[in-house]
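> coords09.tsv is reproduced below (TSV, N, CA and C atoms).
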```
chain	number	residue	atom	x	y	z
A	1	MET	N	0.85	-1.18	0.00
A	1	MET	CA	0.00	0.00	0.00
A	1	MET	C	0.89	1.24	0.00
A	2	LEU	N	0.56	2.14	-0.86
A	2	LEU	CA	1.28	3.40	-0.96
A	2	LEU	C	0.74	4.35	0.12
A	3	GLN	N	1.62	4.81	0.98
A	3	GLN	CA	1.22	5.69	2.07
A	3	GLN	C	1.55	7.13	1.69
A	4	LEU	N	0.52	7.96	1.51
A	4	LEU	CA	0.73	9.37	1.21
A	4	LEU	C	0.96	10.12	2.51
A	5	ASN	N	2.13	10.72	2.63
A	5	ASN	CA	2.48	11.45	3.85
A	5	ASN	C	2.18	12.93	3.67
A	6	ILE	N	0.91	13.24	3.58
A	6	ILE	CA	0.47	14.62	3.44
A	6	ILE	C	-0.24	15.00	4.74
A	7	PRO	N	0.36	15.89	5.52
A	7	PRO	CA	-0.31	16.31	6.75
A	7	PRO	C	-1.67	16.95	6.43
A	8	THR	N	-2.63	16.75	7.30
A	8	THR	CA	-3.96	17.28	7.09
A	8	THR	C	-3.93	18.79	6.91
A	9	GLU	N	-3.08	19.47	7.66
A	9	GLU	CA	-3.00	20.93	7.56
A	9	GLU	C	-2.58	21.36	6.16
A	10	GLU	N	-1.62	20.64	5.59
A	10	GLU	CA	-1.16	20.98	4.24
A	10	GLU	C	-2.23	20.66	3.20
A	11	ALA	N	-2.91	19.54	3.39
A	11	ALA	CA	-3.99	19.17	2.47
A	11	ALA	C	-5.10	20.22	2.52
A	12	VAL	N	-5.39	20.72	3.71
A	12	VAL	CA	-6.43	21.74	3.87
A	12	VAL	C	-6.00	23.05	3.20
A	13	LYS	N	-4.73	23.42	3.36
A	13	LYS	CA	-4.22	24.63	2.70
A	13	LYS	C	-4.35	24.53	1.19
A	14	MET	N	-3.93	23.39	0.64
A	14	MET	CA	-4.03	23.20	-0.81
A	14	MET	C	-5.49	23.22	-1.26
A	15	LEU	N	-6.35	22.58	-0.47
A	15	LEU	CA	-7.77	22.52	-0.82
A	15	LEU	C	-8.42	23.90	-0.76
A	16	THR	N	-8.16	24.66	0.28
A	16	THR	CA	-8.77	25.99	0.37
A	16	THR	C	-8.23	26.95	-0.70
A	17	ASN	N	-6.96	26.83	-1.03
A	17	ASN	CA	-6.41	27.66	-2.11
A	17	ASN	C	-7.08	27.33	-3.44
A	18	ARG	N	-7.24	26.05	-3.69
A	18	ARG	CA	-7.90	25.63	-4.94
A	18	ARG	C	-9.37	26.01	-4.91
A	19	MET	N	-10.01	25.95	-3.76
A	19	MET	CA	-11.41	26.37	-3.63
A	19	MET	C	-11.56	27.85	-3.95
A	20	SER	N	-10.62	28.65	-3.47
A	20	SER	CA	-10.64	30.08	-3.74
A	20	SER	C	-10.53	30.34	-5.24
A	21	ASP	N	-9.63	29.62	-5.89
A	21	ASP	CA	-9.48	29.77	-7.35
A	21	ASP	C	-10.76	29.34	-8.07
A	22	GLU	N	-11.33	28.23	-7.65
A	22	GLU	CA	-12.56	27.73	-8.27
A	22	GLU	C	-13.71	28.72	-8.08
A	23	PHE	N	-13.79	29.32	-6.90
A	23	PHE	CA	-14.83	30.30	-6.63
A	23	PHE	C	-14.67	31.51	-7.55
A	24	LYS	N	-13.44	31.97	-7.72
A	24	LYS	CA	-13.19	33.10	-8.63
A	24	LYS	C	-13.59	32.75	-10.06
A	25	LEU	N	-13.27	31.52	-10.48
A	25	LEU	CA	-13.66	31.09	-11.83
A	25	LEU	C	-15.18	31.06	-11.99
A	26	ARG	N	-15.87	30.61	-10.98
A	26	ARG	CA	-17.34	30.57	-11.05
A	26	ARG	C	-17.94	31.97	-11.03
A	27	LYS	N	-17.31	32.88	-10.31
A	27	LYS	CA	-17.79	34.27	-10.34
A	27	LYS	C	-17.57	34.87	-11.72
A	28	ARG	N	-16.42	34.60	-12.30
A	28	ARG	CA	-16.12	35.10	-13.63
A	28	ARG	C	-17.07	34.52	-14.68
A	29	ALA	N	-17.49	33.27	-14.47
A	29	ALA	CA	-18.42	32.62	-15.41
A	29	ALA	C	-19.86	33.07	-15.20
A	30	GLY	N	-20.11	33.87	-14.17
A	30	GLY	CA	-21.44	34.38	-13.92
A	30	GLY	C	-22.31	33.46	-13.08
A	31	ILE	N	-21.74	32.41	-12.51
A	31	ILE	CA	-22.50	31.50	-11.66
A	31	ILE	C	-22.84	32.16	-10.33
A	32	PHE	N	-21.92	32.95	-9.82
A	32	PHE	CA	-22.13	33.70	-8.59
A	32	PHE	C	-21.95	35.18	-8.88
A	33	PRO	N	-22.69	36.05	-8.17
A	33	PRO	CA	-22.48	37.49	-8.34
A	33	PRO	C	-21.09	37.89	-7.85
A	34	HIS	N	-20.54	38.91	-8.45
A	34	HIS	CA	-19.18	39.35	-8.09
A	34	HIS	C	-19.09	39.90	-6.67
A	35	SER	N	-20.19	40.35	-6.12
A	35	SER	CA	-20.18	40.91	-4.77
A	35	SER	C	-20.21	39.84	-3.68
A	36	LEU	N	-20.49	38.60	-4.05
A	36	LEU	CA	-20.61	37.50	-3.09
A	36	LEU	C	-19.24	37.05	-2.60
A	37	GLU	N	-19.13	36.75	-1.32
A	37	GLU	CA	-17.89	36.22	-0.74
A	37	GLU	C	-18.07	34.72	-0.52
A	38	ILE	N	-16.96	34.00	-0.50
A	38	ILE	CA	-17.04	32.55	-0.34
A	38	ILE	C	-17.64	32.16	1.01
A	39	SER	N	-17.45	32.98	2.02
A	39	SER	CA	-18.01	32.69	3.34
A	39	SER	C	-19.53	32.82	3.39
A	40	GLU	N	-20.12	33.43	2.37
A	40	GLU	CA	-21.57	33.61	2.32
A	40	GLU	C	-22.30	32.48	1.59
A	41	LEU	N	-21.56	31.52	1.09
A	41	LEU	CA	-22.17	30.43	0.34
A	41	LEU	C	-22.86	29.43	1.26
A	42	THR	N	-23.83	28.72	0.71
A	42	THR	CA	-24.50	27.67	1.46
A	42	THR	C	-23.59	26.45	1.53
A	43	PHE	N	-23.95	25.50	2.37
A	43	PHE	CA	-23.16	24.29	2.49
A	43	PHE	C	-23.10	23.55	1.16
A	44	ALA	N	-24.22	23.44	0.47
A	44	ALA	CA	-24.25	22.71	-0.81
A	44	ALA	C	-23.32	23.37	-1.84
A	45	GLN	N	-23.31	24.69	-1.87
A	45	GLN	CA	-22.43	25.39	-2.81
A	45	GLN	C	-20.96	25.20	-2.43
A	46	LEU	N	-20.67	25.29	-1.14
A	46	LEU	CA	-19.29	25.08	-0.67
A	46	LEU	C	-18.84	23.65	-0.93
A	47	LEU	N	-19.73	22.70	-0.71
A	47	LEU	CA	-19.38	21.30	-0.95
A	47	LEU	C	-19.07	21.05	-2.41
A	48	SER	N	-19.86	21.65	-3.29
A	48	SER	CA	-19.62	21.51	-4.72
A	48	SER	C	-18.24	22.07	-5.09
A	49	ILE	N	-17.92	23.22	-4.56
A	49	ILE	CA	-16.61	23.82	-4.83
A	49	ILE	C	-15.49	22.99	-4.21
A	50	ALA	N	-15.70	22.49	-3.01
A	50	ALA	CA	-14.68	21.69	-2.33
A	50	ALA	C	-14.41	20.38	-3.09
A	51	GLU	N	-15.47	19.74	-3.56
A	51	GLU	CA	-15.27	18.49	-4.28
A	51	GLU	C	-14.62	18.73	-5.64
A	52	THR	N	-14.96	19.81	-6.29
A	52	THR	CA	-14.30	20.15	-7.56
A	52	THR	C	-12.83	20.42	-7.32
A	53	ALA	N	-12.53	21.14	-6.25
A	53	ALA	CA	-11.13	21.45	-5.92
A	53	ALA	C	-10.36	20.18	-5.58
A	54	ALA	N	-10.97	19.28	-4.82
A	54	ALA	CA	-10.31	18.02	-4.46
A	54	ALA	C	-10.05	17.19	-5.72
A	55	PHE	N	-11.02	17.13	-6.60
A	55	PHE	CA	-10.88	16.39	-7.86
A	55	PHE	C	-9.71	16.96	-8.66
A	56	ASP	N	-9.66	18.27	-8.77
A	56	ASP	CA	-8.57	18.93	-9.51
A	56	ASP	C	-7.20	18.62	-8.90
A	57	LEU	N	-7.12	18.67	-7.58
A	57	LEU	CA	-5.84	18.41	-6.92
A	57	LEU	C	-5.39	16.97	-7.11
A	58	VAL	N	-6.32	16.04	-7.06
A	58	VAL	CA	-5.97	14.63	-7.25
A	58	VAL	C	-5.48	14.40	-8.67
A	59	MET	N	-6.07	15.10	-9.63
A	59	MET	CA	-5.62	14.96	-11.02
A	59	MET	C	-4.17	15.42	-11.20
A	60	LEU	N	-3.69	16.26	-10.32
A	60	LEU	CA	-2.31	16.74	-10.41
A	60	LEU	C	-1.30	15.76	-9.80
A	61	LEU	N	-1.79	14.78	-9.06
A	61	LEU	CA	-0.90	13.79	-8.44
A	61	LEU	C	-0.39	12.80	-9.48
A	62	PRO	N	0.75	12.18	-9.20
A	62	PRO	CA	1.21	11.11	-10.08
A	62	PRO	C	0.18	9.97	-10.10
A	63	ALA	N	0.03	9.34	-11.24
A	63	ALA	CA	-0.99	8.30	-11.39
A	63	ALA	C	-0.83	7.16	-10.39
A	64	ASP	N	0.39	6.84	-10.00
A	64	ASP	CA	0.62	5.76	-9.05
A	64	ASP	C	-0.06	6.01	-7.72
A	65	SER	N	-0.24	7.27	-7.35
A	65	SER	CA	-0.83	7.59	-6.05
A	65	SER	C	-2.30	7.20	-5.96
A	66	PHE	N	-2.97	7.04	-7.10
A	66	PHE	CA	-4.36	6.57	-7.02
A	66	PHE	C	-4.60	5.28	-7.77
A	67	LEU	N	-3.62	4.78	-8.52
A	67	LEU	CA	-3.77	3.47	-9.17
A	67	LEU	C	-3.41	2.35	-8.20
A	68	GLN	N	-2.49	2.61	-7.31
A	68	GLN	CA	-2.14	1.63	-6.28
A	68	GLN	C	-3.01	1.87	-5.06
A	69	ALA	N	-3.10	0.88	-4.22
A	69	ALA	CA	-3.82	1.04	-2.96
A	69	ALA	C	-3.09	2.10	-2.14
A	70	SER	N	-3.83	3.09	-1.67
A	70	SER	CA	-3.21	4.16	-0.89
A	70	SER	C	-4.24	4.72	0.10
A	71	ASN	N	-3.78	5.67	0.88
A	71	ASN	CA	-4.66	6.33	1.84
A	71	ASN	C	-5.22	7.64	1.27
A	72	LEU	N	-5.31	7.74	-0.04
A	72	LEU	CA	-5.79	8.96	-0.70
A	72	LEU	C	-7.19	9.34	-0.25
A	73	TYR	N	-8.09	8.36	-0.15
A	73	TYR	CA	-9.46	8.65	0.26
A	73	TYR	C	-9.50	9.24	1.66
A	74	GLU	N	-8.65	8.70	2.53
A	74	GLU	CA	-8.58	9.20	3.90
A	74	GLU	C	-8.06	10.64	3.93
A	75	VAL	N	-7.04	10.93	3.13
A	75	VAL	CA	-6.47	12.28	3.08
A	75	VAL	C	-7.52	13.28	2.59
A	76	VAL	N	-8.24	12.92	1.52
A	76	VAL	CA	-9.27	13.82	0.98
A	76	VAL	C	-10.40	14.00	2.00
A	77	ALA	N	-10.86	12.91	2.58
A	77	ALA	CA	-11.96	13.01	3.55
A	77	ALA	C	-11.57	13.86	4.76
A	78	ASN	N	-10.36	13.68	5.27
A	78	ASN	CA	-9.92	14.47	6.42
A	78	ASN	C	-9.79	15.95	6.08
A	79	ALA	N	-9.32	16.24	4.88
A	79	ALA	CA	-9.19	17.65	4.46
A	79	ALA	C	-10.57	18.30	4.36
A	80	VAL	N	-11.52	17.59	3.77
A	80	VAL	CA	-12.87	18.14	3.64
A	80	VAL	C	-13.53	18.28	5.01
A	81	LYS	N	-13.31	17.31	5.88
A	81	LYS	CA	-13.86	17.41	7.24
A	81	LYS	C	-13.33	18.65	7.96
A	82	SER	N	-12.08	18.97	7.73
A	82	SER	CA	-11.46	20.13	8.39
A	82	SER	C	-12.07	21.45	7.94
A	83	LEU	N	-12.74	21.44	6.81
A	83	LEU	CA	-13.38	22.67	6.34
A	83	LEU	C	-14.49	23.13	7.27
A	84	SER	N	-14.98	22.23	8.14
A	84	SER	CA	-16.05	22.61	9.07
A	84	SER	C	-15.60	23.72	10.01
A	85	THR	N	-14.32	23.73	10.37
A	85	THR	CA	-13.83	24.78	11.27
A	85	THR	C	-13.48	26.05	10.52
A	86	ILE	N	-13.19	25.94	9.25
A	86	ILE	CA	-12.82	27.12	8.45
A	86	ILE	C	-14.05	27.90	8.01
A	87	PHE	N	-15.06	27.17	7.53
A	87	PHE	CA	-16.26	27.82	7.00
A	87	PHE	C	-17.44	27.78	7.97
A	88	TYR	N	-17.23	27.25	9.16
A	88	TYR	CA	-18.26	27.18	10.20
A	88	TYR	C	-19.52	26.48	9.68
A	89	GLN	N	-19.31	25.40	8.95
A	89	GLN	CA	-20.39	24.57	8.45
A	89	GLN	C	-20.18	23.17	9.05
A	90	ASN	N	-20.97	22.83	10.05
A	90	ASN	CA	-20.79	21.56	10.74
A	90	ASN	C	-21.01	20.35	9.85
A	91	GLU	N	-21.71	20.52	8.75
A	91	GLU	CA	-22.00	19.40	7.85
A	91	GLU	C	-20.72	18.80	7.25
A	92	PHE	N	-19.68	19.61	7.10
A	92	PHE	CA	-18.42	19.10	6.56
A	92	PHE	C	-17.82	18.02	7.45
A	93	ALA	N	-18.09	18.10	8.74
A	93	ALA	CA	-17.52	17.12	9.68
A	93	ALA	C	-18.03	15.71	9.41
A	94	PHE	N	-19.09	15.57	8.67
A	94	PHE	CA	-19.68	14.25	8.40
A	94	PHE	C	-19.25	13.71	7.04
A	95	TYR	N	-18.32	14.37	6.37
A	95	TYR	CA	-17.84	13.90	5.07
A	95	TYR	C	-17.10	12.58	5.28
A	96	SER	N	-17.43	11.59	4.49
A	96	SER	CA	-16.88	10.24	4.72
A	96	SER	C	-15.88	9.83	3.64
A	97	GLU	N	-15.11	8.82	3.98
A	97	GLU	CA	-14.19	8.23	3.00
A	97	GLU	C	-14.97	7.60	1.85
A	98	LYS	N	-16.17	7.12	2.15
A	98	LYS	CA	-17.01	6.53	1.10
A	98	LYS	C	-17.36	7.60	0.05
A	99	ARG	N	-17.69	8.79	0.51
A	99	ARG	CA	-18.01	9.88	-0.42
A	99	ARG	C	-16.77	10.28	-1.21
A	100	ALA	N	-15.61	10.30	-0.57
A	100	ALA	CA	-14.36	10.60	-1.27
A	100	ALA	C	-14.08	9.53	-2.32
A	101	ARG	N	-14.36	8.28	-2.00
A	101	ARG	CA	-14.17	7.19	-2.95
A	101	ARG	C	-15.08	7.37	-4.16
A	102	LEU	N	-16.33	7.75	-3.93
A	102	LEU	CA	-17.26	7.99	-5.03
A	102	LEU	C	-16.80	9.17	-5.90
A	103	LEU	N	-16.24	10.17	-5.28
A	103	LEU	CA	-15.75	11.34	-6.00
A	103	LEU	C	-14.57	10.98	-6.90
A	104	LEU	N	-13.67	10.15	-6.40
A	104	LEU	CA	-12.43	9.87	-7.10
A	104	LEU	C	-12.47	8.65	-8.01
A	105	THR	N	-13.52	7.86	-7.93
A	105	THR	CA	-13.63	6.66	-8.76
A	105	THR	C	-13.52	6.94	-10.25
A	106	PRO	N	-14.13	8.00	-10.80
A	106	PRO	CA	-13.97	8.25	-12.24
A	106	PRO	C	-12.52	8.45	-12.66
A	107	ILE	N	-11.72	9.11	-11.84
A	107	ILE	CA	-10.31	9.31	-12.16
A	107	ILE	C	-9.60	7.96	-12.25
A	108	ILE	N	-9.85	7.13	-11.27
A	108	ILE	CA	-9.19	5.83	-11.21
A	108	ILE	C	-9.59	4.97	-12.40
A	109	LYS	N	-10.87	4.99	-12.75
A	109	LYS	CA	-11.32	4.20	-13.90
A	109	LYS	C	-10.68	4.67	-15.19
A	110	ILE	N	-10.59	5.97	-15.38
A	110	ILE	CA	-9.98	6.51	-16.59
A	110	ILE	C	-8.52	6.08	-16.70
A	111	PHE	N	-7.77	6.22	-15.62
A	111	PHE	CA	-6.36	5.87	-15.68
A	111	PHE	C	-6.14	4.37	-15.77
A	112	ARG	N	-6.98	3.58	-15.14
A	112	ARG	CA	-6.83	2.12	-15.27
A	112	ARG	C	-7.10	1.69	-16.71
A	113	ASN	N	-8.10	2.26	-17.34
A	113	ASN	CA	-8.37	1.95	-18.75
A	113	ASN	C	-7.22	2.40	-19.63
A	114	TYR	N	-6.65	3.53	-19.32
A	114	TYR	CA	-5.53	4.07	-20.10
A	114	TYR	C	-4.31	3.16	-19.98
A	115	VAL	N	-4.05	2.67	-18.77
A	115	VAL	CA	-2.90	1.80	-18.55
A	115	VAL	C	-3.11	0.46	-19.27
A	116	LYS	N	-4.33	-0.06	-19.31
A	116	LYS	CA	-4.61	-1.31	-20.01
A	116	LYS	C	-4.46	-1.16	-21.51
A	117	ASP	N	-4.74	0.01	-22.02
A	117	ASP	CA	-4.70	0.26	-23.46
A	117	ASP	C	-3.26	0.39	-23.92
A	118	ASP	N	-2.90	-0.28	-25.00
A	118	ASP	CA	-1.54	-0.23	-25.50
A	118	ASP	C	-1.24	1.00	-26.35
A	119	LEU	N	-2.25	1.78	-26.67
A	119	LEU	CA	-2.05	2.92	-27.55
A	119	LEU	C	-1.02	3.92	-27.01
A	120	PHE	N	-0.98	4.11	-25.70
A	120	PHE	CA	-0.08	5.10	-25.13
A	120	PHE	C	1.39	4.73	-25.38
A	121	ARG	N	1.67	3.48	-25.62
A	121	ARG	CA	3.05	3.04	-25.84
A	121	ARG	C	3.60	3.51	-27.18
A	122	TYR	N	2.72	3.79	-28.12
A	122	TYR	CA	3.17	4.14	-29.46
A	122	TYR	C	3.17	5.64	-29.72
A	123	ASN	N	2.91	6.44	-28.73
A	123	ASN	CA	2.93	7.89	-28.90
A	123	ASN	C	4.32	8.44	-28.78
```
Please lay out the structure from this file as structure tokens.

Amino acid sequence: MLQLNIPTEEAVKMLTNRMSDEFKLRKRAGIFPHSLEISELTFAQLLSIAETAAFDLVMLLPADSFLQASNLYEVVANAVKSLSTIFYQNEFAFYSEKRARLLLTPIIKIFRNYVKDDLFRYN
């Protein structure tokens, strides 16, 4: 099993930075008014941004970190749970590893199919 040694504090910093960027992108796209602050969002809106940010961050990791058995789901779940103290939304504390697994499963399936396919060898 591949053990990711990412402290929860660092994972939370990366997640909140990416959430801030995602929020700015959504404001620019007209999804949110420009006068709105991230702290004014509902839990559902924050969760959507947090999961998008987590998905983006995982895509930046080396493929081995999610193709092999690892503690990636635990790292993501703990980072999202920690958002409850940052955004004062207690619902984040109930974020589970099962939900993180559901979020990250599409990435794993795509890369597993890619690894099985021989086409990448001829590029």
> How far is it from atom N of Tyr73 in chain A to CA of Glu97 in chain A, in Å with one decimal?
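Computing the Euclidean distance for atom N of Tyr73 in chain A and CA of Glu97 in chain A yields 6.9 Å.
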> Find the residue from A:Ile38, A:Ile107, A:Leu60, A:Ala77 that sits nearest to Arg26 in chain A; use only C-alpha atoms when measuring.
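Residue with the minimum atom-to-atom distance to Arg26 in chain A: A:Ile38.
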> What separation in Å, quoted to one decimal, exists between atom C of Leu103 in chain A and atom N of Glu9 in chain A?
20.4 Å
> Which is closest to Arg101 in chain A among A:Leu15, A:Thr85, A:Ala53, A:Glu74, if we use all atoms listed in the file?
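Smallest separation from Arg101 in chain A among the options: A:Glu74.
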> Measuring between only C-alpha atoms, which one of A:Phe43, A:Glu37, A:Val76, A:Tyr114 shows the shortest distance to Leu57 in chain A?
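Distance minimum relative to Leu57 in chain A lands on A:Val76.
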> Which residues are close to Thr52 in chain A, i.e. within 8 Å by all atoms listed in the file, leaving aside same-chain residues fewer than 6 positions away? Reply as an NGL selection string.
:A and (18-19 or 22 or 46 or 58)
> In terms of the shortest atom-to-atom distance over only N, CA and C atoms, which of A:Val75, A:Phe66, A:Ser96, A:Thr42 is closest to Arg112 in chain A?
A:Phe66
> Given 3 Å of margin on each side, can you work out the centre and size in Å (one decimal) of an axis-aligned box holding every listed atom of range 6-23 of chain A, as lines of an AutoDock Vina configuration file?

```
center_x = -7.0
center_y = 22.4
center_z = -0.3
size_x = 21.7
size_y = 24.3
size_z = 21.9
```
> Write out as a count of residues only all residues of chain A that DSSP puts in alpha helix (DSSP H) for this structure's backbone.
78
> Figure out the distance between atom C of Ala50 in chain A and atom N of Lys98 in chain A, please, to one decimal in Å.
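Distance reported for this atom pair: 14.4 Å.
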> So which one's closest to Ser82 in chain A, A:Asp21, A:His34, A:Ser65, A:Phe94? Using only C-alpha atoms, please.
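Checking each candidate against Ser82 in chain A, we get A:Phe94 as the closest.
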> Out of A:Ile110, A:Leu102, A:Val80, A:Ile49, which residue has the shortest atom-to-atom distance to Lys13 in chain A when counting only C-alpha atoms?
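Of all the options, A:Val80 lies closest to Lys13 in chain A.
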